[in-house]
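As stored in target.tsv (TSV, C-alpha atoms):
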chain	number	residue	atom	x	y	z
V	1	MET	CA	-88.73	81.56	61.17
V	2	ILE	CA	-89.35	84.15	58.49
V	3	LEU	CA	-92.04	83.41	55.93
V	4	PRO	CA	-93.10	85.82	53.19
V	5	ILE	CA	-96.62	87.19	53.51
V	6	GLY	CA	-97.40	85.67	50.11
V	7	PHE	CA	-96.97	82.25	51.67
V	8	PHE	CA	-100.06	82.85	53.77
V	9	MET	CA	-102.00	84.78	51.17
V	10	ALA	CA	-101.44	82.52	48.17
V	11	SER	CA	-104.62	80.47	48.40
V	12	SER	CA	-106.86	82.61	50.51
V	13	SER	CA	-107.95	86.00	51.64
V	14	ARG	CA	-106.73	88.73	53.91
V	15	SER	CA	-109.90	88.51	56.00
V	16	ASP	CA	-109.20	84.86	56.83
V	17	PHE	CA	-105.72	85.84	57.99
V	18	LEU	CA	-107.22	88.56	60.20
V	19	SER	CA	-109.87	86.22	61.56
V	20	GLY	CA	-107.05	83.79	62.42
V	21	ILE	CA	-105.26	86.56	64.30
V	22	ARG	CA	-108.52	87.34	66.16
V	23	ASP	CA	-108.86	83.68	67.16
V	24	SER	CA	-105.27	83.70	68.41
V	25	VAL	CA	-105.82	86.50	70.94
V	26	PRO	CA	-107.55	84.50	73.73
V	27	VAL	CA	-104.95	81.75	73.31
V	28	ILE	CA	-102.10	84.25	73.60
V	29	VAL	CA	-103.69	85.75	76.73
V	30	ALA	CA	-104.27	82.35	78.35
V	31	ALA	CA	-100.82	81.02	77.44
V	32	ALA	CA	-98.85	84.13	78.44
V	33	PRO	CA	-98.47	83.27	82.14
V	34	PHE	CA	-97.19	79.82	81.20
V	35	GLY	CA	-94.73	81.12	78.61
V	36	VAL	CA	-93.26	83.47	81.20
V	37	LEU	CA	-93.44	80.86	83.96
V	38	PHE	CA	-91.60	78.37	81.75
V	39	GLY	CA	-88.80	80.86	81.09
V	40	ALA	CA	-88.49	81.65	84.79
V	41	LEU	CA	-88.47	77.99	85.88
V	42	ALA	CA	-86.03	76.99	83.12
V	43	VAL	CA	-83.43	79.54	84.19
V	44	ASP	CA	-84.14	78.55	87.80
V	45	ASN	CA	-83.33	74.94	86.87
V	46	GLY	CA	-79.94	75.91	85.48
V	47	LEU	CA	-80.65	76.41	81.78
V	48	SER	CA	-78.96	79.32	80.04
V	49	LEU	CA	-81.12	82.04	78.48
V	50	PHE	CA	-80.12	80.73	75.04
V	51	GLU	CA	-81.20	77.17	75.93
V	52	THR	CA	-84.47	78.46	77.40
V	53	VAL	CA	-85.42	80.41	74.27
V	54	LEU	CA	-84.23	77.56	72.02
V	55	MET	CA	-86.53	75.19	73.90
V	56	SER	CA	-89.61	77.41	73.44
V	57	ALA	CA	-88.72	78.07	69.80
V	58	SER	CA	-87.93	74.49	68.75
V	59	ILE	CA	-90.03	72.14	70.93
V	60	TYR	CA	-92.93	74.61	71.26
V	61	ALA	CA	-95.09	72.48	73.57
V	62	GLY	CA	-95.64	73.93	77.03
V	63	ALA	CA	-96.40	70.85	79.14
V	64	SER	CA	-93.46	68.87	77.71
V	65	GLN	CA	-91.13	71.83	78.15
V	66	MET	CA	-92.12	71.92	81.83
V	67	VAL	CA	-91.51	68.18	82.15
V	68	GLY	CA	-88.21	68.59	80.28
V	69	ILE	CA	-86.74	71.26	82.55
V	70	GLU	CA	-87.60	69.17	85.63
V	71	LEU	CA	-85.36	66.41	84.29
V	72	PHE	CA	-82.37	68.52	83.19
V	73	GLY	CA	-79.34	68.72	85.37
V	74	GLY	CA	-77.34	65.54	84.78
V	75	THR	CA	-79.02	62.96	87.02
V	76	VAL	CA	-81.44	61.69	84.36
V	77	ALA	CA	-80.02	60.08	81.18
V	78	PRO	CA	-80.39	62.38	78.14
V	79	TRP	CA	-82.35	59.77	76.12
V	80	LEU	CA	-84.82	59.48	79.00
V	81	VAL	CA	-85.45	63.24	78.95
V	82	VAL	CA	-86.09	63.05	75.19
V	83	LEU	CA	-88.38	60.04	75.73
V	84	SER	CA	-90.36	61.92	78.41
V	85	ILE	CA	-90.82	64.89	76.05
V	86	PHE	CA	-91.96	62.42	73.38
V	87	ALA	CA	-94.43	60.75	75.79
V	88	VAL	CA	-96.04	64.04	76.83
V	89	ASN	CA	-96.34	65.06	73.19
V	90	PHE	CA	-97.54	61.71	71.92
V	91	ARG	CA	-101.11	63.04	71.85
V	92	HIS	CA	-100.07	65.18	68.86
V	93	VAL	CA	-100.07	62.02	66.72
V	94	LEU	CA	-103.84	62.03	67.10
V	95	TYR	CA	-104.14	65.79	66.45
V	96	SER	CA	-102.00	65.35	63.36
V	97	ALA	CA	-104.21	62.57	62.01
V	98	ALA	CA	-107.35	64.64	62.63
V	99	VAL	CA	-106.04	67.97	61.28
V	100	GLY	CA	-104.40	66.24	58.32
V	101	ARG	CA	-107.92	65.49	57.05
V	102	ARG	CA	-108.77	69.20	57.20
V	103	ILE	CA	-105.74	70.54	55.32
V	104	THR	CA	-105.47	68.20	52.34
V	105	HIS	CA	-105.53	71.30	50.09
V	106	PHE	CA	-102.29	72.72	51.60
V	107	THR	CA	-99.06	72.36	49.57
V	108	PRO	CA	-96.42	69.98	51.05
V	109	LEU	CA	-94.36	72.91	52.39
V	110	GLN	CA	-97.46	74.52	53.91
V	111	LYS	CA	-98.34	71.19	55.54
V	112	ALA	CA	-94.80	70.77	56.89
V	113	CYS	CA	-95.03	74.22	58.50
V	114	ALA	CA	-98.65	73.69	59.61
V	115	PHE	CA	-97.72	70.57	61.59
V	116	PHE	CA	-94.93	72.45	63.36
V	117	PHE	CA	-97.55	74.88	64.73
V	118	LEU	CA	-99.96	72.08	65.77
V	119	ILE	CA	-100.19	72.77	69.52
V	120	ASP	CA	-103.27	71.93	71.67
V	121	PRO	CA	-105.10	75.26	71.11
V	122	GLN	CA	-104.27	75.25	67.38
V	123	TYR	CA	-105.83	71.80	67.17
V	124	ALA	CA	-108.86	72.82	69.26
V	125	GLU	CA	-109.47	76.00	67.24
V	126	THR	CA	-109.08	74.15	63.93
V	127	GLU	CA	-111.67	71.55	64.97
V	128	ARG	CA	-113.98	74.25	66.31
V	129	ARG	CA	-113.77	76.20	63.05
V	130	ALA	CA	-114.34	73.06	60.99
V	131	GLU	CA	-117.34	72.23	63.19
V	132	GLN	CA	-118.80	75.67	62.39
V	133	GLU	CA	-118.37	74.65	58.73
V	134	LYS	CA	-115.94	77.48	58.05
V	135	PRO	CA	-113.04	76.64	55.69
V	136	ILE	CA	-109.61	75.84	57.15
V	137	THR	CA	-107.61	78.05	54.80
V	138	VAL	CA	-103.86	78.56	54.77
V	139	ALA	CA	-104.38	82.21	55.70
V	140	TRP	CA	-106.58	81.40	58.69
V	141	TYR	CA	-104.33	78.56	59.92
V	142	PHE	CA	-101.15	80.64	59.99
V	143	GLY	CA	-102.98	83.79	61.09
V	144	MET	CA	-103.91	81.77	64.15
V	145	GLY	CA	-100.62	79.87	64.57
V	146	VAL	CA	-97.84	82.39	63.95
V	147	PRO	CA	-98.83	85.05	66.54
V	148	VAL	CA	-99.25	82.39	69.24
V	149	TYR	CA	-95.78	81.05	68.38
V	150	LEU	CA	-94.06	84.44	68.35
V	151	PHE	CA	-95.57	85.42	71.69
V	152	TRP	CA	-94.64	82.05	73.20
V	153	VAL	CA	-90.97	82.49	72.25
V	154	LEU	CA	-90.97	86.12	73.46
V	155	GLU	CA	-92.54	85.08	76.79
V	156	GLY	CA	-89.91	82.38	77.30
V	157	PHE	CA	-87.27	85.06	76.79
V	158	LEU	CA	-88.96	87.55	79.15
V	159	GLY	CA	-89.49	84.85	81.78
V	160	GLY	CA	-85.82	83.91	81.55
V	161	VAL	CA	-84.74	87.54	81.97
V	162	PHE	CA	-87.18	88.54	84.71
V	163	GLY	CA	-87.52	85.08	86.26
V	164	GLY	CA	-87.03	86.22	89.82
V	165	LEU	CA	-90.11	88.47	89.79
V	166	ILE	CA	-92.67	85.65	90.26
V	167	SER	CA	-91.29	84.24	93.47
V	168	GLU	CA	-94.40	82.45	94.74
V	169	PRO	CA	-96.81	81.68	91.88
V	170	GLU	CA	-98.99	79.57	94.24
V	171	THR	CA	-100.05	82.71	96.13
V	172	TYR	CA	-101.89	83.97	93.06
V	173	GLY	CA	-103.11	80.61	91.77
V	174	ILE	CA	-100.93	81.06	88.67
V	175	ASP	CA	-99.72	77.47	88.82
V	176	PHE	CA	-103.35	76.31	88.52
V	177	LEU	CA	-104.14	78.35	85.39
V	178	LEU	CA	-103.06	75.51	83.09
V	179	PRO	CA	-105.49	72.81	84.37
V	180	LEU	CA	-108.28	75.42	84.43
V	181	TYR	CA	-107.51	76.36	80.84
V	182	PHE	CA	-107.60	72.70	79.82
V	183	LEU	CA	-110.93	72.27	81.64
V	184	GLY	CA	-112.32	75.16	79.59
V	185	LEU	CA	-111.17	73.44	76.40
V	186	VAL	CA	-112.75	70.11	77.46
V	187	LEU	CA	-116.08	71.87	78.10
V	188	GLY	CA	-115.86	73.46	74.67
V	189	PHE	CA	-116.24	70.01	73.10
V	190	ARG	CA	-119.29	69.00	75.14
V	191	THR	CA	-121.72	69.01	72.19
V	192	ARG	CA	-119.81	66.16	70.55
V	193	ARG	CA	-121.30	62.69	70.37
V	194	ASN	CA	-120.50	60.55	73.46
V	195	TRP	CA	-118.67	63.42	75.14
V	196	THR	CA	-119.78	62.47	78.67
V	197	PRO	CA	-118.71	58.78	78.63
V	198	VAL	CA	-115.41	59.69	76.90
V	199	VAL	CA	-114.59	62.35	79.49
V	200	ILE	CA	-115.52	60.10	82.42
V	201	ALA	CA	-113.46	57.20	81.02
V	202	SER	CA	-110.43	59.44	80.37
V	203	ALA	CA	-110.70	60.98	83.84
V	204	ILE	CA	-110.79	57.58	85.55
V	205	GLY	CA	-108.02	56.20	83.31
V	206	SER	CA	-105.73	59.15	83.91
V	207	ILE	CA	-106.32	59.19	87.67
V	208	ILE	CA	-105.53	55.46	87.95
V	209	ALA	CA	-102.45	55.78	85.70
V	210	PHE	CA	-101.24	58.86	87.59
V	211	HIS	CA	-101.49	56.95	90.86
V	212	PHE	CA	-99.95	53.63	89.75
V	213	ILE	CA	-97.56	54.53	86.90
V	214	GLY	CA	-97.00	58.24	87.42
V	215	SER	CA	-96.55	61.30	85.23
V	216	PRO	CA	-96.29	61.72	82.25
V	217	TRP	CA	-97.88	58.38	81.33
V	218	HIS	CA	-101.30	59.32	82.72
V	219	VAL	CA	-101.77	61.44	79.58
V	220	SER	CA	-101.33	58.60	77.08
V	221	VAL	CA	-103.07	55.95	79.21
V	222	GLY	CA	-106.04	58.15	80.17
V	223	ALA	CA	-106.53	59.43	76.61
V	224	LEU	CA	-106.39	55.93	75.13
V	225	THR	CA	-109.03	54.79	77.65
V	226	GLY	CA	-111.47	57.45	76.47
V	227	ILE	CA	-110.61	57.00	72.78
V	228	ALA	CA	-110.97	53.21	72.99
V	229	LEU	CA	-114.38	53.64	74.63
V	230	ALA	CA	-115.45	56.03	71.85
V	231	ALA	CA	-114.43	53.48	69.21
V	232	VAL	CA	-116.22	50.65	70.99
V	233	ILE	CA	-119.54	52.44	71.55
V	234	ALA	CA	-119.61	54.05	68.08
V	235	PRO	CA	-122.23	52.68	65.70
V	236	PRO	CA	-120.43	50.46	63.14
V	237	VAL	CA	-121.84	52.58	60.29
V	238	ARG	CA	-122.20	56.31	60.60
V	239	PRO	CA	-125.87	57.32	60.82
V	240	GLY	CA	-127.12	58.96	57.65
V	241	ARG	CA	-124.32	57.53	55.57
V	242	GLU	CA	-125.69	54.01	55.07
V	243	ARG	CA	-127.52	54.83	51.85
V	244	ALA	CA	-124.73	56.90	50.39
V	245	SER	CA	-122.25	54.08	50.72
V	246	GLN	CA	-124.46	51.46	49.07
P	1	MET	CA	-66.22	81.37	72.19
P	2	THR	CA	-67.46	78.31	74.03
P	3	ASP	CA	-69.11	75.41	72.21
P	4	PRO	CA	-72.85	76.19	72.09
P	5	PHE	CA	-73.69	72.50	71.60
P	6	THR	CA	-73.87	71.45	75.24
P	7	VAL	CA	-75.64	68.25	76.33
P	8	ASN	CA	-78.70	70.37	77.15
P	9	VAL	CA	-78.80	71.79	73.62
P	10	TRP	CA	-78.64	68.29	72.12
P	11	ILE	CA	-81.47	67.13	74.42
P	12	ILE	CA	-83.56	70.14	73.35
P	13	LEU	CA	-82.89	69.55	69.63
P	14	PHE	CA	-83.75	65.84	69.84
P	15	GLY	CA	-86.79	66.71	71.97
P	16	ALA	CA	-87.86	69.13	69.23
P	17	LEU	CA	-87.33	66.45	66.57
P	18	ALA	CA	-89.37	63.92	68.60
P	19	THR	CA	-92.14	66.51	69.05
P	20	TYR	CA	-92.23	67.34	65.34
P	21	ALA	CA	-92.37	63.62	64.57
P	22	THR	CA	-95.56	63.31	66.66
P	23	ARG	CA	-97.10	66.33	64.90
P	24	PHE	CA	-96.29	65.08	61.40
P	25	GLY	CA	-96.43	61.33	61.98
P	26	GLY	CA	-100.14	60.94	62.71
P	27	HIS	CA	-101.06	62.45	59.37
P	28	VAL	CA	-98.45	60.46	57.43
P	29	VAL	CA	-99.64	57.16	58.89
P	30	LEU	CA	-103.35	57.90	58.58
P	31	SER	CA	-103.30	59.39	55.08
P	32	ARG	CA	-102.31	55.94	53.75
P	33	PHE	CA	-105.89	54.82	54.27
P	34	GLU	CA	-108.34	56.05	51.66
P	35	LYS	CA	-111.51	55.41	53.63
P	36	ILE	CA	-111.64	55.97	57.34
P	37	HIS	CA	-113.55	53.33	59.29
P	38	PRO	CA	-116.44	54.80	61.36
P	39	ARG	CA	-114.85	53.49	64.56
P	40	VAL	CA	-111.55	55.18	63.70
P	41	GLU	CA	-113.47	58.36	62.95
P	42	ALA	CA	-115.33	58.12	66.28
P	43	ALA	CA	-112.00	57.56	68.01
P	44	LEU	CA	-110.46	60.62	66.30
P	45	ASN	CA	-113.45	62.77	67.24
P	46	ALA	CA	-112.98	61.73	70.87
P	47	VAL	CA	-109.28	62.70	70.92
P	48	PRO	CA	-109.41	66.30	72.12
P	49	ALA	CA	-111.80	65.76	75.05
P	50	ALA	CA	-110.02	62.52	76.00
P	51	VAL	CA	-106.50	64.00	75.99
P	52	LEU	CA	-107.39	67.31	77.62
P	53	THR	CA	-109.35	65.53	80.37
P	54	THR	CA	-106.16	63.73	81.42
P	55	LEU	CA	-104.52	67.11	82.02
P	56	VAL	CA	-107.46	68.13	84.24
P	57	ALA	CA	-108.60	65.11	86.30
P	58	PRO	CA	-105.35	64.28	88.17
P	59	ALA	CA	-104.81	68.01	88.84
P	60	ALA	CA	-108.27	68.09	90.47
P	61	VAL	CA	-107.78	64.91	92.51
P	62	PHE	CA	-104.15	64.82	93.66
P	63	ASN	CA	-103.42	68.41	94.70
P	64	GLY	CA	-105.59	69.00	97.76
P	65	PRO	CA	-109.03	70.22	98.88
P	66	ALA	CA	-108.55	73.80	97.59
P	67	GLU	CA	-107.78	72.54	94.07
P	68	ALA	CA	-110.55	69.89	94.14
P	69	ILE	CA	-113.21	72.41	95.22
P	70	THR	CA	-111.98	74.97	92.66
P	71	MET	CA	-112.13	72.45	89.85
P	72	ALA	CA	-115.68	71.39	90.81
P	73	LEU	CA	-116.80	75.05	90.85
P	74	ALA	CA	-115.01	75.75	87.55
P	75	LEU	CA	-116.81	72.80	85.98
P	76	ILE	CA	-120.20	74.26	86.99
P	77	VAL	CA	-119.32	77.84	86.00
P	78	GLY	CA	-117.76	76.67	82.72
P	79	TRP	CA	-121.06	75.15	81.64
P	80	ARG	CA	-122.39	78.69	81.11
P	81	ALA	CA	-119.49	81.17	81.24
P	82	PRO	CA	-116.76	81.71	78.61
P	83	MET	CA	-113.33	80.22	79.09
P	84	LEU	CA	-111.49	83.36	80.21
P	85	VAL	CA	-113.99	83.75	83.07
P	86	VAL	CA	-113.40	80.13	84.10
P	87	VAL	CA	-109.63	80.58	84.03
P	88	PHE	CA	-109.35	83.80	86.00
P	89	LEU	CA	-112.22	83.14	88.41
P	90	GLY	CA	-110.69	79.70	89.02
P	91	ALA	CA	-107.24	81.13	89.72
P	92	ALA	CA	-108.71	83.66	92.16
P	93	THR	CA	-110.78	80.93	93.86
P	94	VAL	CA	-107.85	78.57	94.30
P	95	ALA	CA	-105.66	81.36	95.69
P	96	LEU	CA	-108.39	82.33	98.18
P	97	LEU	CA	-109.11	78.73	99.24
P	98	ARG	CA	-105.41	78.00	99.68
P	99	SER	CA	-105.04	80.94	102.03
P	100	LEU	CA	-108.14	79.79	103.98
P	101	ILE	CA	-107.75	76.01	104.16
P	102	GLY	CA	-104.21	75.42	102.87

As structure tokens, please, write out the structure in this file.
Amino acid sequence: MILPIGFFMASSSRSDFLSGIRDSVPVIVAAAPFGVLFGALAVDNGLSLFETVLMSASIYAGASQMVGIELFGGTVAPWLVVLSIFAVNFRHVLYSAAVGRRITHFTPLQKACAFFFLIDPQYAETERRAEQEKPITVAWYFGMGVPVYLFWVLEGFLGGVFGGLISEPETYGIDFLLPLYFLGLVLGFRTRRNWTPVVIASAIGSIIAFHFIGSPWHVSVGALTGIALAAVIAPPVRPGRERASQ
Amino acid sequence: MTDPFTVNVWIILFGALATYATRFGGHVVLSRFEKIHPRVEAALNAVPAAVLTTLVAPAAVFNGPAEAITMALALIVGWRAPMLVVVFLGAATVALLRSLIG
């Protein structure tokens, strides 16, 4: 994907673009082992190097790519593989709804591209920035999103080429980096209203679903448990807004 | 030259389409409503913690004692320390515990 620099700069400043790039660095560092691991596992599971890179470049969602490569190989019906990828990524519907509120000032083309880059960390960083009351500009959004994307595709390629080098990821705890990274993200939201009950409800929901239904449905079921609880225990009118709405 | 459009390539392309649909769809559906109900807003605010928790909790519970202990320690450390510390300290801890208790 080649986009002219003007596309990012049109409505905002160079410093926002650079601050986006700065915000992308920890994400690139944390995601790198998984990008490479995905490439290695994909080739290990019989995908060609072209298919491996295509998957990182077009689906661009780590967990679902991992689920996807587990199911390749002819025994699982193709539509079921697509459905599994869809199920793992279903959470993005909620990200999309939330981030859509933050980027109403983007042009339609900018929005179309922005939603392509809407991975978990992009969502988390966008919410974090909005919470700090900094503007979600086009320059910041793509300054954050594009480097993460380019590195992800490159890592898939490198993993595919040098796949054999990580023979036993368990020895170094590399396979556990992903849950730890997600834990760090969860903790980052702990100042939000009703964080504790939401997290406990989601944890219980996902553990029960994982045990009785199995992966990948624990993601949707567990998340909906926590989200439903948040909706139920929310005050019917937002505090501080009663007067304004009258 | 062989046909590049193997079954795998079609699965990947439809998987990409399905993924993009989830990333665009939420906004398209929700932007139809002018005013967001407070309960919907509360639900949306709960999304990140709720979703990300589901990627953590089963990993802590169903893997084994080394992973469960690591996750408990990471939770405590993460309350104070930045994320990169949690991630790399956690990976080192789980590797050590696995070699000690399997």

Tell me, counting only C-alpha atoms, for each residue of chain P within 10 Å of region 188-197 of chain V, which pair of atoms is nearest and how far apart they are in Å to one decimal, in rows ordered by chain and increasing number, as JSON lines.
{"residue": "P:Ala42", "atom": "CA", "partner": "V:Arg193", "partner_atom": "CA", "distance": 8.6}
{"residue": "P:Asn45", "atom": "CA", "partner": "V:Arg192", "partner_atom": "CA", "distance": 7.9}
{"residue": "P:Ala46", "atom": "CA", "partner": "V:Trp195", "partner_atom": "CA", "distance": 7.3}
{"residue": "P:Pro48", "atom": "CA", "partner": "V:Phe189", "partner_atom": "CA", "distance": 7.8}
{"residue": "P:Ala49", "atom": "CA", "partner": "V:Phe189", "partner_atom": "CA", "distance": 6.4}
{"residue": "P:Ala50", "atom": "CA", "partner": "V:Trp195", "partner_atom": "CA", "distance": 8.7}
{"residue": "P:Gly78", "atom": "CA", "partner": "V:Gly188", "partner_atom": "CA", "distance": 8.9}
{"residue": "P:Trp79", "atom": "CA", "partner": "V:Gly188", "partner_atom": "CA", "distance": 8.9}
{"residue": "P:Pro82", "atom": "CA", "partner": "V:Gly188", "partner_atom": "CA", "distance": 9.2}
{"residue": "P:Met83", "atom": "CA", "partner": "V:Gly188", "partner_atom": "CA", "distance": 8.5}

Go ahead and save the residues from that selection, with C-alpha atoms, as a PDB file, in the coordinates of the input.
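The result, stored in result-v1.pdb:
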ATOM      1  CA  ALA P  42    -115.330  58.120  66.280  1.00  0.00           C
ATOM      2  CA  ASN P  45    -113.450  62.770  67.240  1.00  0.00           C
ATOM      3  CA  ALA P  46    -112.980  61.730  70.870  1.00  0.00           C
ATOM      4  CA  PRO P  48    -109.410  66.300  72.120  1.00  0.00           C
ATOM      5  CA  ALA P  49    -111.800  65.760  75.050  1.00  0.00           C
ATOM      6  CA  ALA P  50    -110.020  62.520  76.000  1.00  0.00           C
ATOM      7  CA  GLY P  78    -117.760  76.670  82.720  1.00  0.00           C
ATOM      8  CA  TRP P  79    -121.060  75.150  81.640  1.00  0.00           C
ATOM      9  CA  PRO P  82    -116.760  81.710  78.610  1.00  0.00           C
ATOM     10  CA  MET P  83    -113.330  80.220  79.090  1.00  0.00           C
TER      11      MET P  83
END

**Message:** List the spatial neighbours of region 224-229 of chain V as an MDAnalysis selection string - criterion: any atom at most 9 Å away, all atoms listed in the file, same-chain residues fewer than 5 positions off excluded.
**Reply:** (chainID V and resid 197:206 219 234) or (chainID P and resid 42:47 49:51)

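For the choices P:Ala72, P:Ile101, P:Val94, P:Val77, the atom-to-atom distance to chain V is smallest for P:Val94 when using only C-alpha atoms.
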
Could you build a table of the residues in chain V lying no more than 7 Å from chain P, giving for each the nearest pair of atoms and their separation in Å rounded to one decimal place, using all atoms listed in the file, ordered by chain and ascending residue number, as a Markdown table?
| residue | atom | partner | partner_atom | distance |
| --- | --- | --- | --- | --- |
| V:Glu51 | CA | P:Val9 | CA | 6.3 |
| V:Met55 | CA | P:Ile12 | CA | 5.9 |
| V:Ser58 | CA | P:Ala16 | CA | 5.4 |
| V:Ile59 | CA | P:Ala16 | CA | 4.1 |
| V:Pro78 | CA | P:Ile11 | CA | 6.1 |
| V:Val82 | CA | P:Gly15 | CA | 4.9 |
| V:Ile85 | CA | P:Gly15 | CA | 6.0 |
| V:Phe86 | CA | P:Ala18 | CA | 5.6 |
| V:Asn89 | CA | P:Thr19 | CA | 6.1 |
| V:Phe90 | CA | P:Thr22 | CA | 5.8 |
| V:Arg91 | CA | P:Val51 | CA | 6.9 |
| V:His92 | CA | P:Arg23 | CA | 5.1 |
| V:Val93 | CA | P:Gly26 | CA | 4.2 |
| V:Leu94 | CA | P:Gly26 | CA | 5.8 |
| V:Ser96 | CA | P:Gly26 | CA | 4.8 |
| V:Ala97 | CA | P:His27 | CA | 4.1 |
| V:Ala98 | CA | P:Leu44 | CA | 6.3 |
| V:Gly100 | CA | P:His27 | CA | 5.2 |
| V:Phe115 | CA | P:Arg23 | CA | 5.4 |
| V:Phe116 | CA | P:Tyr20 | CA | 6.1 |
| V:Leu118 | CA | P:Arg23 | CA | 6.5 |
| V:Thr171 | CA | P:Ala95 | CA | 5.8 |
| V:Tyr172 | CA | P:Ala95 | CA | 5.3 |
| V:Gly173 | CA | P:Ala91 | CA | 4.6 |
| V:Ile174 | CA | P:Ala91 | CA | 6.4 |
| V:Phe176 | CA | P:Ala91 | CA | 6.3 |
| V:Leu177 | CA | P:Ala91 | CA | 6.0 |
| V:Pro179 | CA | P:Val56 | CA | 5.1 |
| V:Leu180 | CA | P:Val87 | CA | 5.3 |
| V:Tyr181 | CA | P:Val87 | CA | 5.7 |
| V:Phe182 | CA | P:Leu52 | CA | 5.8 |
| V:Leu183 | CA | P:Val56 | CA | 6.0 |
| V:Gly184 | CA | P:Met83 | CA | 5.2 |
| V:Val186 | CA | P:Ala49 | CA | 5.1 |
| V:Leu187 | CA | P:Gly78 | CA | 6.9 |
| V:Phe189 | CA | P:Ala49 | CA | 6.4 |
| V:Val198 | CA | P:Ala50 | CA | 6.2 |
| V:Val199 | CA | P:Ala50 | CA | 5.8 |
| V:Ser202 | CA | P:Ala50 | CA | 5.4 |
| V:Ala203 | CA | P:Ala57 | CA | 5.2 |
| V:Ser206 | CA | P:Thr54 | CA | 5.2 |
| V:Ile207 | CA | P:Pro58 | CA | 5.2 |
| V:Phe210 | CA | P:Pro58 | CA | 6.8 |
| V:His218 | CA | P:Thr54 | CA | 6.7 |
| V:Val219 | CA | P:Thr54 | CA | 5.3 |
| V:Gly222 | CA | P:Thr54 | CA | 5.7 |
| V:Ala223 | CA | P:Val51 | CA | 4.6 |
| V:Gly226 | CA | P:Ala50 | CA | 5.3 |
| V:Ile227 | CA | P:Ala43 | CA | 5.0 |
| V:Ala228 | CA | P:Ala43 | CA | 6.7 |
| V:Ala230 | CA | P:Ala43 | CA | 5.4 |
| V:Ala231 | CA | P:Arg39 | CA | 4.7 |
| V:Ala234 | CA | P:Arg39 | CA | 5.9 |
| V:Pro236 | CA | P:Pro38 | CA | 6.2 |
| V:Val237 | CA | P:Pro38 | CA | 5.9 |
| V:Arg238 | CA | P:Pro38 | CA | 6.0 |

**Request:** Find the residues around Phe38 (chain V) up to 10 Å (only C-alpha atoms counted), leave out those fewer than 3 positions away in its own chain, and share them as a list in words.
**Result:** Ala32, Pro33, Phe34, Gly35, Leu41, Ala42, Val43, Asp44, Thr52, Val53, Met55, Ser56, Gly62, Ala63, Gln65, Met66, Ile69, Trp152, Glu155, Gly156, Phe157, Leu158, Gly159, Gly160 and Gly163 of chain V

**Request:** Could you tell me how far CA of Thr104 (chain V) lies from CA of Val146 (chain V), in Å and to one decimal?
**Result:** 19.9 Å

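Here CA of Leu73 (chain P) is placed at a distance of 24.5 Å from CA of Ile28 (chain V).
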
**Two-atom distance - CA of Pro108 (chain V), CA of Ser15 (chain V) (Å)** = 23.4 Å
